[in-house]
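This report refers to the structure that appears directly beneath it.
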2 protein chains.
Amino acid sequence: MTREQLFEQILLKKSYLCVGLDTDPKKLPEHLLDTEDPVLEFNRQIIEATADLCVAYKPNIAFYEAQGPRGWISLEKTLQYIPKEIFTIADAKRGDIGNTSELYARAFFETLKFDSVTVAPYMGADSVKPFLVQGGKWVILLALTSNSGSQDFQMLKLADGSEEYLFEQVLRESSTWATAGQMMYVVGATQAEYVQRVRKLVPNHFLLVPGVGAQGGSLEEISRLGMNQQCGLLVNSSRGIIYASSGRDFAERAREAALQIQQEMEGYLEQYVQHL
Amino acid sequence: MTREQLFEQILLKKSYLCVGLDTDPKKLPEHLLDTEDPVLEFNRQIIEATADLCVAYKPNIAFYEAQGPRGWISLEKTLQYIPKEIFTIADAKRGDIGNTSELYARAFFETLKFDSVTVAPYMGADSVKPFLVQGGKWVILLALTSNSGSQDFQMLKLADGSEEYLFEQVLRESSTWATAGQMMYVVGATQAEYVQRVRKLVPNHFLLVPGVGAQGGSLEEISRLGMNQQCGLLVNSSRGIIYASSGRDFAERAREAALQIQQEMEGYLEQYVQHL
């Protein structure tokens, strides 16, 4: 999917919501447990209930991997239920030496047909570039994550006289590897105070923003500080939507939770994106 | 597996060789292609041919993941062929926020029963600690990798007046999260000039060393500079062993290649490890 197609969907749906499919077999509503593939059935109903309110789905790969081979089958089938105009993100945080990253790219782009995959930057250029070879496919690179551990290394100051943090050097360096049509960055909603520093370095890139909801980030703040003229944000919510209810009404409640976020987003789009 | 048990195996086999199972379906000997699971059959014969010469096997998870669900089945079955006194490493380079890292830990330690998993440090303490909860299980954290991209971020100097590189801060900080009985570090053989700096910070930890062979690192150099009194090294070779021949004699040639490395290692163990 191209950046223009993604922005078109955002305008059409008045939404930059990404629904995180962190589907934990231990948290499924009881009435689904005797279906053939409860994880798939859960995802199918969540997708059906939210597809007109969001522009992206982000399966968290760990939740499928922890199930062994049958988790990968659930994942593969889940992707078939996602309408093709919706952007798909494999939240996998991969990254390895070149010949190995090529295989991860094959796993997510060819075998599973995702539009994008999240990648960790620690191993540098030749660990990320193998994910950048295919047209319409995206790398979403970790920059400044939403968790407390982001303080440990991402916020270290560098000795190059720039007063920059490591995450800024990651943005500066990696933005030379690809265009804003091939790369996005993960920036946690809990990091709103640094979003302006992010935008100085990557004004045009999309940011994938986790951390709204359960992790405490503010949608208003990240929207006000992080939007650009093509919106430039995909804000993720996982638990707040998919586990809005653990009963028979889980899909209906998921829709209500997604709708509430979409309506809030509609307001910010009107307020901050000039094209509207 | 405990550190003492691992060292015992090293002394017994006079080897600190780790055989990398980077099994690429496109590189398999032709005569295996009509078996039910060619990847598994290849691994089975490699393991049978090398098990008395090595102390660890390291499947590179990307190669299995790229095959979709059946790759995970090959991987699961491969582990059943590995004798239980041999240390197993899931070379997966995972790492995510806490609740997600917990699931990756479940995938590799519980579902697949690996002894250890490689983890990327960028997301900090709370992304690594969920892998540290289980007795006898290990985290192998990326410190200074063997690829050219290691220059991009790992070798950045920090502004804390210490003249330290980022990888040194990763060692310093992460070594407070766990003992040398729960954590190892990845240090590329191509980085021999920095091994003494590594050993200053983590004198007692095991290092997992890729980059000998195809990537150009020297076994002699890394052994001389990196060994400690419990050996402290697991040196990996993948392509040089498993693809020593692409014919019917692949397992025999793999054994010869492994034997050559083991014999060289026997010499370094006698020379550098005081317990021998």
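Simple scheme: letters A, B, ... for chains in structure tokens order, numbers from 1 for residues in each chain, numbers from 1 for ligands in the order shown.
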Q: Any chance you could list, as a PyMOL selection string, the residues in segment 3-215 of chain B that come up helix (DSSP H, G or I) when DSSP is run on the backbone?
A: chain B and resi 3-13+25-27+30-32+38-50+61-65+69-81+98-111+125-132+148-151+166-174+189-201
(Q) Please find the residues of chain B near chain A - the criterion being any atom within 6 Å, counting only C-alpha atoms - and write them as a PyMOL selection string. (A) chain B and resi 62+65-66+69+72+103-104+106-107+123-126+149-150+152+157-159
Same residues, N, CA, C and O atoms, saved as a short mmCIF file (atom, residue, chain, number, x, y, z; two decimals), in the first residue's frame:
data_model
loop_
_atom_site.label_atom_id
_atom_site.label_comp_id
_atom_site.auth_asym_id
_atom_site.auth_seq_id
_atom_site.Cartn_x
_atom_site.Cartn_y
_atom_site.Cartn_z
N ALA B 62 14.51 -17.38 11.78
CA ALA B 62 14.02 -16.80 10.52
C ALA B 62 13.84 -17.86 9.44
O ALA B 62 12.90 -17.81 8.65
N GLU B 65 10.60 -19.67 10.26
CA GLU B 65 9.46 -18.76 10.17
C GLU B 65 9.09 -18.47 8.71
O GLU B 65 7.90 -18.32 8.39
N ALA B 66 10.11 -18.38 7.86
CA ALA B 66 9.84 -18.06 6.45
C ALA B 66 9.04 -19.16 5.75
O ALA B 66 8.49 -18.94 4.67
N PRO B 69 3.62 -22.13 8.88
CA PRO B 69 3.36 -23.13 9.93
C PRO B 69 4.22 -24.38 9.82
O PRO B 69 4.69 -24.91 10.82
N TRP B 72 7.54 -24.18 11.55
CA TRP B 72 7.50 -24.34 13.01
C TRP B 72 7.38 -25.80 13.41
O TRP B 72 7.87 -26.21 14.46
N LEU B 103 5.22 -13.48 26.32
CA LEU B 103 4.68 -14.45 25.37
C LEU B 103 5.78 -15.03 24.49
O LEU B 103 5.76 -16.20 24.13
N TYR B 104 6.76 -14.20 24.12
CA TYR B 104 7.89 -14.75 23.37
C TYR B 104 8.65 -15.76 24.24
O TYR B 104 9.09 -16.80 23.77
N ARG B 106 7.35 -17.57 26.51
CA ARG B 106 6.53 -18.77 26.53
C ARG B 106 6.73 -19.57 25.23
O ARG B 106 6.85 -20.80 25.25
N ALA B 107 6.79 -18.86 24.10
CA ALA B 107 6.95 -19.52 22.80
C ALA B 107 8.24 -20.35 22.78
O ALA B 107 8.26 -21.51 22.36
N MET B 123 14.85 -1.92 23.58
CA MET B 123 13.69 -1.51 24.38
C MET B 123 13.93 -1.55 25.89
O MET B 123 13.01 -1.23 26.67
N GLY B 124 15.13 -1.95 26.32
CA GLY B 124 15.49 -1.80 27.72
C GLY B 124 15.02 -2.90 28.66
O GLY B 124 14.51 -3.94 28.24
N ALA B 125 15.23 -2.62 29.96
CA ALA B 125 15.07 -3.62 31.02
C ALA B 125 13.75 -4.39 30.97
O ALA B 125 13.73 -5.61 31.02
N ASP B 126 12.64 -3.66 30.89
CA ASP B 126 11.36 -4.37 31.00
C ASP B 126 11.03 -5.19 29.77
O ASP B 126 10.06 -5.95 29.77
N GLY B 149 26.58 -3.25 10.10
CA GLY B 149 25.65 -2.32 10.74
C GLY B 149 25.90 -2.14 12.23
O GLY B 149 25.33 -1.23 12.84
N SER B 150 26.75 -2.97 12.82
CA SER B 150 27.10 -2.78 14.24
C SER B 150 27.75 -1.41 14.45
O SER B 150 27.71 -0.86 15.55
N ASP B 152 26.69 1.39 13.18
CA ASP B 152 25.72 2.48 13.10
C ASP B 152 25.28 3.01 14.46
O ASP B 152 25.23 4.21 14.68
N LYS B 157 29.51 6.80 20.61
CA LYS B 157 30.06 7.15 21.93
C LYS B 157 29.05 7.96 22.73
O LYS B 157 28.33 8.80 22.20
N LEU B 158 29.02 7.69 24.02
CA LEU B 158 28.04 8.31 24.90
C LEU B 158 28.58 9.57 25.57
O LEU B 158 29.78 9.68 25.83
N ALA B 159 27.66 10.47 25.89
CA ALA B 159 28.04 11.79 26.42
C ALA B 159 28.08 11.81 27.94
O ALA B 159 27.77 12.81 28.55
#
(Q) Among segment 4-148 of chain B, which ones does DSSP assign to strand (DSSP E) (computed from the backbone)? Answer as JSON, numbers by chain. (A) {"B": [17, 18, 19, 20, 21, 56, 57, 58, 59, 87, 88, 89, 90, 91, 92, 93, 94, 116, 117, 118, 119, 138, 139, 140, 141, 142, 143, 144]}
**Q.** Within 9 Å of Leu225 of chain A using only C-alpha atoms, minus same-chain residues under 6 positions, as JSON, numbers by chain
**A.** {"A": [192, 193, 195, 196, 199]}
Convert the current residue selection to file output with N, CA and C atoms, as a compact mmCIF listing (two decimals), in the first residue's frame.
# COMPACT_ATOMS: atom_id res chain seq x y z
N ALA A 192 4.99 11.92 24.63
CA ALA A 192 4.52 13.13 23.93
C ALA A 192 5.50 14.30 24.04
N GLU A 193 6.20 14.39 25.17
CA GLU A 193 7.11 15.54 25.33
C GLU A 193 8.27 15.52 24.33
N VAL A 195 7.82 14.35 21.09
CA VAL A 195 7.28 14.23 19.73
C VAL A 195 7.75 15.38 18.83
N GLN A 196 7.89 16.57 19.41
CA GLN A 196 8.37 17.68 18.58
C GLN A 196 9.81 17.46 18.11
N ARG A 199 9.50 15.09 15.24
CA ARG A 199 8.99 15.76 14.03
C ARG A 199 10.03 16.67 13.37
Q.
Need the shell around segment 1-11 of chain A: protein/DNA/RNA residues with any atom at most 10 Å away, counting only C-alpha atoms. Skip same-chain ones fewer than 4 positions apart. Format as a ChimeraX atom specification?
A. /A:15-17,53-56,84-88,114-116,135-138,180-183,205-206,229-234,266,269-270,273,275-276
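Residues in contact with Ser237 of chain A at up to 10 Å, not including ones fewer than 2 positions away on its chain and judged by only C-alpha atoms, are Leu17, Cys18, Val19, Gly20, Leu21, Asp22, Tyr57, Lys58, Val209, Pro210, Gly211, Val212, Gly213, Ala214, Gln215, Leu234, Val235, Arg239, Gly240, Ile241, Ile242, Ala257, Ala258 and Ile261 of chain A.
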Can you spit out the residues from that selection as a PDB file, in the first residue's frame, using C-alpha atoms?
ATOM      1  CA  LEU A  17      -6.975   4.099  14.302  1.00  0.00           C
ATOM      2  CA  CYS A  18      -4.951   0.897  14.249  1.00  0.00           C
ATOM      3  CA  VAL A  19      -6.572  -2.011  16.072  1.00  0.00           C
ATOM      4  CA  GLY A  20      -4.029  -4.244  17.781  1.00  0.00           C
ATOM      5  CA  LEU A  21      -4.887  -7.922  17.505  1.00  0.00           C
ATOM      6  CA  ASP A  22      -3.058  -9.013  20.674  1.00  0.00           C
ATOM      7  CA  TYR A  57      -4.778  -3.921  11.975  1.00  0.00           C
ATOM      8  CA  LYS A  58      -1.705  -4.902  13.910  1.00  0.00           C
ATOM      9  CA  VAL A 209       1.868   5.236  18.080  1.00  0.00           C
ATOM     10  CA  PRO A 210       1.234   2.596  20.731  1.00  0.00           C
ATOM     11  CA  GLY A 211       0.618   3.439  24.356  1.00  0.00           C
ATOM     12  CA  VAL A 212      -2.777   5.156  24.239  1.00  0.00           C
ATOM     13  CA  GLY A 213      -5.207   3.562  26.697  1.00  0.00           C
ATOM     14  CA  ALA A 214      -3.849   0.812  28.971  1.00  0.00           C
ATOM     15  CA  GLN A 215      -0.356   2.374  28.929  1.00  0.00           C
ATOM     16  CA  LEU A 234      -1.457   5.586  13.080  1.00  0.00           C
ATOM     17  CA  VAL A 235      -2.550   5.355  16.701  1.00  0.00           C
ATOM     18  CA  ARG A 239      -6.590  -4.151  24.920  1.00  0.00           C
ATOM     19  CA  GLY A 240      -8.976  -1.181  25.220  1.00  0.00           C
ATOM     20  CA  ILE A 241     -10.837  -2.380  22.138  1.00  0.00           C
ATOM     21  CA  ILE A 242     -10.519  -6.134  21.851  1.00  0.00           C
ATOM     22  CA  ALA A 257     -14.741   1.376  22.039  1.00  0.00           C
ATOM     23  CA  ALA A 258     -13.381   1.786  18.503  1.00  0.00           C
ATOM     24  CA  ILE A 261     -11.781   6.667  19.493  1.00  0.00           C
TER      25      ILE A 261
END
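Going from atom CA of Lys129 of chain A to atom CA of Val186 of chain B covers 21.3 Å.
Distances from B:Glu168, B:Tyr185, B:Ala251, B:Arg224 to Lys200 of chain B were compared using only C-alpha atoms, and the smallest one belongs to B:Glu168.
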